[in-house]
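query.cif follows; it contains mmCIF, C-alpha atoms.
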```
data_protein
#
loop_
_atom_site.label_atom_id
_atom_site.label_comp_id
_atom_site.auth_asym_id
_atom_site.auth_seq_id
_atom_site.Cartn_x
_atom_site.Cartn_y
_atom_site.Cartn_z
CA GLN A 425 -10.49 -6.92 6.11
CA GLN A 426 -8.76 -9.78 4.34
CA TYR A 427 -6.45 -7.37 2.50
CA THR A 428 -5.62 -5.63 5.80
CA ARG A 429 -4.75 -8.96 7.39
CA GLU A 430 -2.57 -9.85 4.41
CA ALA A 431 -0.79 -6.48 4.59
CA MET A 432 -0.21 -6.91 8.34
CA ALA A 433 1.28 -10.33 7.58
CA GLY A 434 3.72 -8.79 5.09
CA GLY A 435 1.60 -9.33 1.99
CA GLY A 436 1.33 -5.64 1.13
CA VAL A 437 4.88 -5.06 -0.04
CA ASP A 438 4.16 -4.13 -3.61
CA ARG A 439 0.56 -2.88 -3.51
CA HIS A 440 1.29 0.45 -5.19
CA LEU A 441 3.35 -1.16 -7.95
CA PHE A 442 0.76 -3.90 -8.37
CA GLY A 443 -1.95 -1.24 -8.68
CA LEU A 444 0.02 0.47 -11.45
CA TYR A 445 0.56 -2.91 -13.10
CA VAL A 446 -3.18 -3.68 -13.06
CA VAL A 447 -4.01 -0.29 -14.59
CA ALA A 448 -1.33 -0.71 -17.26
CA ALA A 449 -2.52 -4.24 -18.08
CA GLY A 450 -6.14 -3.06 -18.19
CA MET A 451 -5.19 -0.35 -20.66
CA GLY A 452 -3.12 -2.76 -22.75
CA ILE A 453 0.15 -1.01 -21.90
CA ASP A 454 3.27 -3.16 -21.54
CA SER A 455 5.53 -1.62 -18.91
CA PRO A 456 9.06 -3.01 -18.81
CA PHE A 457 9.66 -0.97 -15.63
CA LEU A 458 6.72 -2.54 -13.79
CA ASN A 459 7.51 -6.02 -15.08
CA LYS A 460 11.06 -5.68 -13.79
CA ALA A 461 10.08 -4.02 -10.49
CA LEU A 462 7.57 -6.74 -9.68
CA SER A 463 10.14 -9.47 -10.36
CA TYR A 464 12.57 -8.24 -7.66
CA LYS A 465 13.02 -9.92 -4.32
CA TRP A 466 11.75 -7.37 -1.80
CA ASN A 467 13.74 -6.89 1.41
CA LEU A 468 11.66 -4.06 2.84
CA SER A 469 7.98 -4.42 3.55
CA THR A 470 6.20 -1.31 4.83
CA SER A 471 2.63 -0.47 5.61
CA GLN A 472 0.57 1.92 7.62
CA VAL A 473 -1.46 0.14 10.28
CA PRO A 474 -4.58 1.80 11.74
CA PRO A 475 -3.76 3.11 15.23
CA ARG A 476 -7.22 2.32 16.62
CA GLN A 477 -9.12 -0.83 15.96
CA THR A 478 -12.15 -0.10 18.10
CA VAL A 479 -15.00 2.31 17.51
CA LYS A 480 -14.77 5.74 19.16
CA ASN A 481 -17.64 5.34 21.59
CA THR A 482 -15.81 2.46 23.28
CA TRP A 483 -12.77 4.55 24.20
CA PRO A 484 -12.47 5.33 27.92
CA ASN A 485 -13.55 8.73 29.25
CA ASP A 486 -14.56 10.04 25.81
CA ASP A 487 -10.89 10.10 24.80
CA GLN A 488 -10.34 11.53 21.32
CA GLY A 489 -7.02 9.80 20.79
CA ASP A 490 -4.80 11.96 22.98
CA VAL A 491 -4.74 9.73 26.05
CA TYR A 492 -5.46 6.14 25.10
CA TYR A 493 -3.87 5.11 21.88
CA SER A 494 -2.33 1.99 20.50
CA PRO A 495 0.63 1.53 18.19
CA SER A 496 -1.27 -1.50 16.87
CA GLY A 497 0.59 -4.49 15.57
CA GLY A 498 3.24 -5.07 13.03
CA PHE A 499 4.29 -7.73 10.60
CA GLY A 500 7.36 -9.71 9.84
CA PRO A 501 9.92 -9.34 7.08
CA VAL A 502 9.12 -10.92 3.73
CA SER A 503 12.64 -12.24 3.27
CA ASP A 504 15.30 -13.66 5.58
CA GLU A 505 17.54 -10.64 4.92
CA GLY A 506 14.76 -8.08 5.16
CA TYR A 507 12.67 -5.94 7.46
CA GLY A 508 9.00 -5.55 8.20
CA VAL A 509 8.14 -1.94 9.11
CA SER A 510 4.67 -0.82 10.03
CA TYR A 511 3.96 2.75 10.99
CA ALA A 512 1.10 4.81 12.29
CA ILE A 513 0.55 8.55 12.40
CA VAL A 514 -1.49 9.34 15.50
CA GLY A 515 -2.76 12.89 15.74
CA GLU A 516 -0.44 15.80 15.07
CA ASN A 517 2.47 14.83 17.29
CA ARG A 518 2.90 11.06 17.34
CA LEU A 519 4.50 8.55 15.03
CA PHE A 520 4.73 4.86 15.83
CA PHE A 521 7.05 2.41 14.13
CA HIS A 522 7.16 -1.34 14.56
CA VAL A 523 10.34 -2.79 13.04
CA SER A 524 11.00 -6.50 12.78
CA SER A 525 13.76 -8.61 11.30
CA LYS A 526 15.02 -12.15 11.68
CA ARG A 527 17.75 -12.86 14.19
CA SER A 528 18.90 -15.77 12.05
CA THR A 529 20.93 -13.48 9.79
CA ALA A 530 23.70 -11.09 10.78
CA ALA A 531 22.78 -8.82 7.87
CA THR A 532 19.82 -7.28 9.69
CA SER A 533 19.35 -5.45 12.98
CA SER A 534 15.99 -4.01 13.98
CA SER A 535 17.57 -1.71 16.56
CA ARG A 536 20.05 -0.35 13.98
CA PHE A 537 17.16 0.19 11.55
CA VAL A 538 15.23 2.11 14.23
CA ASP A 539 18.31 4.28 14.84
CA GLU A 540 18.32 5.13 11.13
CA ILE A 541 14.60 5.99 11.20
CA PHE A 542 15.27 8.42 14.07
CA ARG A 543 18.23 9.92 12.21
CA ALA A 544 16.09 10.41 9.09
CA LEU A 545 13.28 12.01 11.13
CA LYS A 546 15.78 14.41 12.72
CA ASP A 547 17.11 15.30 9.25
CA ILE A 548 13.57 15.96 8.03
CA HIS A 549 12.89 18.10 11.10
CA ALA A 550 16.06 20.14 10.48
CA VAL A 551 15.12 20.76 6.84
CA ASN A 552 11.60 21.83 7.81
CA ALA A 553 12.88 24.05 10.61
CA ALA A 554 15.33 25.76 8.24
CA ALA A 555 12.61 26.28 5.63
CA THR A 556 10.24 27.71 8.24
CA ALA A 557 12.94 30.03 9.57
CA SER A 558 13.74 31.34 6.08
CA GLU A 559 10.04 31.97 5.40
CA THR A 560 9.67 34.14 8.50
CA ARG A 561 12.62 36.39 7.59
#
```
Target encoding structure tokens, full file:
Amino acid sequence: QQYTREAMAGGGVDRHLFGLYVVAAGMGIDSPFLNKALSYKWNLSTSQVPPRQTVKNTWPNDDQGDVYYSPSGGFGPVSDEGYGVSYAIVGENRLFFHVSSKRSTAATSSSRFVDEIFRALKDIHAVNAAATASETR
């Protein structure tokens, strides 16, 4: 639970790299790549946040996640010029994104970032649709 709270507060930026670093250090391997990557100032903090934070038997009307769902919370950026982006995959047909940035800098815009997420999702959809169409020929 503590790690989840830290991630939701923006403390989970480099978990995957840190995990690789711990394994490398444990095996006595010096990794210039990991040393350099972990020394960077991170401007993008992302994490998946659980979409439900209550046990199933407390959901109304025996809902299985199709009616009552929650996009959960998000977290703030880890730098003044950065973004905090949490996401949740809910079922087969829902994605939630929570994007935050500081208004104190003109370099960031949460709404512009969301527009880019939508553009990227549409691009991914187009690629998948084309691949599916070519498979059925």
Tell me, in Å to one decimal, how far atom CA of A:His440 is from atom CA of A:Gly452.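 Separation between atom CA of A:His440 and atom CA of A:Gly452: 18.4 Å.
Residue membership of the PyMOL selection byres ((chain A and resi 526-536) around 8) in the shown file amounts to Pro501, Asp504, Glu505, Gly506, Tyr507, Val523, Ser524, Ser525, Phe537, Val538, Asp539 and Glu540 of chain A.
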Would you write out those residues with C-alpha atoms, as a short mmCIF file (atom, residue, chain, number, x, y, z; two decimals), in the coordinates of the input?
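Contents of again18.cif, freshly written:
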```
data_model
loop_
_atom_site.label_atom_id
_atom_site.label_comp_id
_atom_site.auth_asym_id
_atom_site.auth_seq_id
_atom_site.Cartn_x
_atom_site.Cartn_y
_atom_site.Cartn_z
CA PRO A 501 9.92 -9.34 7.08
CA ASP A 504 15.30 -13.66 5.58
CA GLU A 505 17.54 -10.64 4.92
CA GLY A 506 14.76 -8.08 5.16
CA TYR A 507 12.67 -5.94 7.46
CA VAL A 523 10.34 -2.79 13.04
CA SER A 524 11.00 -6.50 12.78
CA SER A 525 13.76 -8.61 11.30
CA PHE A 537 17.16 0.19 11.55
CA VAL A 538 15.23 2.11 14.23
CA ASP A 539 18.31 4.28 14.84
CA GLU A 540 18.32 5.13 11.13
#
```
Written as an NGL selection string, which residues does the PyMOL selection byres ((chain A and resi 511) around 7) give for the file shown? :A and (471-473 or 509-510 or 512-513 or 520-522)
Quick check, in Å to one decimal: how far apart do atom CA of A:Leu468 and atom CA of A:Gly500 lie?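 The value is 10.0 Å.
Taking all atoms listed in the file into account, the protein, DNA and RNA residues within 10 Å of (9.5, -4.3, -7.7) read Val437, Asp438, Arg439, His440, Leu441, Phe442, Phe457, Leu458, Asn459, Lys460, Ala461, Leu462, Ser463, Tyr464, Lys465 and Trp466 of chain A.
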At what distance in Å, to one decimal, does atom CA of A:Glu559 lie from atom CA of A:Asp547? 18.5 Å
Can you fill out stretch 524-558 of chain A with N, CA and C atoms and hand it back as a PDB file, in the coordinates of the input?
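Wrote it out as part-v4.pdb, contents follow:
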```pdb
ATOM      1  N   SER A 524      10.653  -5.115  12.489  1.00  0.00           N
ATOM      2  CA  SER A 524      11.000  -6.500  12.780  1.00  0.00           C
ATOM      3  C   SER A 524      11.987  -7.015  11.739  1.00  0.00           C
ATOM      4  N   SER A 525      12.816  -7.934  12.189  1.00  0.00           N
ATOM      5  CA  SER A 525      13.760  -8.610  11.300  1.00  0.00           C
ATOM      6  C   SER A 525      14.077  -9.957  11.935  1.00  0.00           C
ATOM      7  N   LYS A 526      14.686 -10.815  11.168  1.00  0.00           N
ATOM      8  CA  LYS A 526      15.020 -12.150  11.680  1.00  0.00           C
ATOM      9  C   LYS A 526      16.391 -12.125  12.354  1.00  0.00           C
ATOM     10  N   ARG A 527      16.465 -12.761  13.488  1.00  0.00           N
ATOM     11  CA  ARG A 527      17.750 -12.860  14.190  1.00  0.00           C
ATOM     12  C   ARG A 527      18.670 -13.882  13.549  1.00  0.00           C
ATOM     13  N   SER A 528      18.125 -14.690  12.655  1.00  0.00           N
ATOM     14  CA  SER A 528      18.900 -15.770  12.050  1.00  0.00           C
ATOM     15  C   SER A 528      19.933 -15.285  11.038  1.00  0.00           C
ATOM     16  N   THR A 529      19.935 -14.005  10.718  1.00  0.00           N
ATOM     17  CA  THR A 529      20.930 -13.480   9.790  1.00  0.00           C
ATOM     18  C   THR A 529      21.625 -12.275  10.419  1.00  0.00           C
ATOM     19  N   ALA A 530      22.919 -12.207  10.238  1.00  0.00           N
ATOM     20  CA  ALA A 530      23.700 -11.090  10.780  1.00  0.00           C
ATOM     21  C   ALA A 530      23.537  -9.827   9.941  1.00  0.00           C
ATOM     22  N   ALA A 531      22.913  -9.947   8.784  1.00  0.00           N
ATOM     23  CA  ALA A 531      22.780  -8.820   7.870  1.00  0.00           C
ATOM     24  C   ALA A 531      21.750  -7.798   8.336  1.00  0.00           C
ATOM     25  N   THR A 532      20.864  -8.190   9.261  1.00  0.00           N
ATOM     26  CA  THR A 532      19.820  -7.280   9.690  1.00  0.00           C
ATOM     27  C   THR A 532      19.916  -7.005  11.190  1.00  0.00           C
ATOM     28  N   SER A 533      19.429  -5.836  11.572  1.00  0.00           N
ATOM     29  CA  SER A 533      19.350  -5.450  12.980  1.00  0.00           C
ATOM     30  C   SER A 533      18.196  -4.474  13.124  1.00  0.00           C
ATOM     31  N   SER A 534      17.139  -4.888  13.789  1.00  0.00           N
ATOM     32  CA  SER A 534      15.990  -4.010  13.980  1.00  0.00           C
ATOM     33  C   SER A 534      16.371  -2.757  14.747  1.00  0.00           C
ATOM     34  N   SER A 535      17.198  -2.893  15.769  1.00  0.00           N
ATOM     35  CA  SER A 535      17.570  -1.710  16.560  1.00  0.00           C
ATOM     36  C   SER A 535      18.398  -0.732  15.712  1.00  0.00           C
ATOM     37  N   ARG A 536      19.277  -1.228  14.863  1.00  0.00           N
ATOM     38  CA  ARG A 536      20.050  -0.350  13.980  1.00  0.00           C
ATOM     39  C   ARG A 536      19.120   0.346  12.978  1.00  0.00           C
ATOM     40  N   PHE A 537      18.121  -0.383  12.480  1.00  0.00           N
ATOM     41  CA  PHE A 537      17.160   0.190  11.550  1.00  0.00           C
ATOM     42  C   PHE A 537      16.367   1.307  12.232  1.00  0.00           C
ATOM     43  N   VAL A 538      15.955   1.082  13.482  1.00  0.00           N
ATOM     44  CA  VAL A 538      15.230   2.110  14.230  1.00  0.00           C
ATOM     45  C   VAL A 538      16.107   3.346  14.421  1.00  0.00           C
ATOM     46  N   ASP A 539      17.391   3.144  14.723  1.00  0.00           N
ATOM     47  CA  ASP A 539      18.310   4.280  14.840  1.00  0.00           C
ATOM     48  C   ASP A 539      18.329   5.098  13.554  1.00  0.00           C
ATOM     49  N   GLU A 540      18.309   4.427  12.423  1.00  0.00           N
ATOM     50  CA  GLU A 540      18.320   5.130  11.130  1.00  0.00           C
ATOM     51  C   GLU A 540      17.002   5.859  10.874  1.00  0.00           C
ATOM     52  N   ILE A 541      15.891   5.286  11.318  1.00  0.00           N
ATOM     53  CA  ILE A 541      14.600   5.990  11.200  1.00  0.00           C
ATOM     54  C   ILE A 541      14.661   7.287  11.997  1.00  0.00           C
ATOM     55  N   PHE A 542      15.160   7.210  13.243  1.00  0.00           N
ATOM     56  CA  PHE A 542      15.270   8.420  14.070  1.00  0.00           C
ATOM     57  C   PHE A 542      16.188   9.447  13.431  1.00  0.00           C
ATOM     58  N   ARG A 543      17.309   8.989  12.872  1.00  0.00           N
ATOM     59  CA  ARG A 543      18.230   9.920  12.210  1.00  0.00           C
ATOM     60  C   ARG A 543      17.548  10.608  11.043  1.00  0.00           C
ATOM     61  N   ALA A 544      16.805   9.839  10.243  1.00  0.00           N
ATOM     62  CA  ALA A 544      16.090  10.410   9.090  1.00  0.00           C
ATOM     63  C   ALA A 544      15.028  11.407   9.550  1.00  0.00           C
ATOM     64  N   LEU A 545      14.296  11.083  10.621  1.00  0.00           N
ATOM     65  CA  LEU A 545      13.280  12.010  11.130  1.00  0.00           C
ATOM     66  C   LEU A 545      13.918  13.305  11.629  1.00  0.00           C
ATOM     67  N   LYS A 546      15.077  13.211  12.270  1.00  0.00           N
ATOM     68  CA  LYS A 546      15.780  14.410  12.720  1.00  0.00           C
ATOM     69  C   LYS A 546      16.243  15.244  11.530  1.00  0.00           C
ATOM     70  N   ASP A 547      16.706  14.579  10.471  1.00  0.00           N
ATOM     71  CA  ASP A 547      17.110  15.300   9.250  1.00  0.00           C
ATOM     72  C   ASP A 547      15.911  16.024   8.644  1.00  0.00           C
ATOM     73  N   ILE A 548      14.778  15.347   8.579  1.00  0.00           N
ATOM     74  CA  ILE A 548      13.570  15.960   8.030  1.00  0.00           C
ATOM     75  C   ILE A 548      13.158  17.169   8.882  1.00  0.00           C
ATOM     76  N   HIS A 549      13.220  17.000  10.194  1.00  0.00           N
ATOM     77  CA  HIS A 549      12.890  18.100  11.100  1.00  0.00           C
ATOM     78  C   HIS A 549      13.805  19.303  10.855  1.00  0.00           C
ATOM     79  N   ALA A 550      15.101  19.052  10.706  1.00  0.00           N
ATOM     80  CA  ALA A 550      16.060  20.140  10.480  1.00  0.00           C
ATOM     81  C   ALA A 550      15.766  20.873   9.175  1.00  0.00           C
ATOM     82  N   VAL A 551      15.444  20.134   8.130  1.00  0.00           N
ATOM     83  CA  VAL A 551      15.120  20.760   6.840  1.00  0.00           C
ATOM     84  C   VAL A 551      13.862  21.620   6.968  1.00  0.00           C
ATOM     85  N   ASN A 552      12.835  21.073   7.637  1.00  0.00           N
ATOM     86  CA  ASN A 552      11.600  21.830   7.810  1.00  0.00           C
ATOM     87  C   ASN A 552      11.810  23.057   8.685  1.00  0.00           C
ATOM     88  N   ALA A 553      12.603  22.909   9.742  1.00  0.00           N
ATOM     89  CA  ALA A 553      12.880  24.050  10.610  1.00  0.00           C
ATOM     90  C   ALA A 553      13.614  25.160   9.854  1.00  0.00           C
ATOM     91  N   ALA A 554      14.593  24.774   9.033  1.00  0.00           N
ATOM     92  CA  ALA A 554      15.330  25.760   8.240  1.00  0.00           C
ATOM     93  C   ALA A 554      14.415  26.452   7.232  1.00  0.00           C
ATOM     94  N   ALA A 555      13.529  25.696   6.613  1.00  0.00           N
ATOM     95  CA  ALA A 555      12.610  26.280   5.630  1.00  0.00           C
ATOM     96  C   ALA A 555      11.639  27.233   6.324  1.00  0.00           C
ATOM     97  N   THR A 556      11.163  26.858   7.491  1.00  0.00           N
ATOM     98  CA  THR A 556      10.240  27.710   8.240  1.00  0.00           C
ATOM     99  C   THR A 556      10.939  28.995   8.683  1.00  0.00           C
ATOM    100  N   ALA A 557      12.183  28.864   9.135  1.00  0.00           N
ATOM    101  CA  ALA A 557      12.940  30.030   9.570  1.00  0.00           C
ATOM    102  C   ALA A 557      13.179  30.993   8.409  1.00  0.00           C
ATOM    103  N   SER A 558      13.476  30.472   7.228  1.00  0.00           N
ATOM    104  CA  SER A 558      13.740  31.340   6.080  1.00  0.00           C
ATOM    105  C   SER A 558      12.457  32.005   5.593  1.00  0.00           C
TER     106      SER A 558
END
```
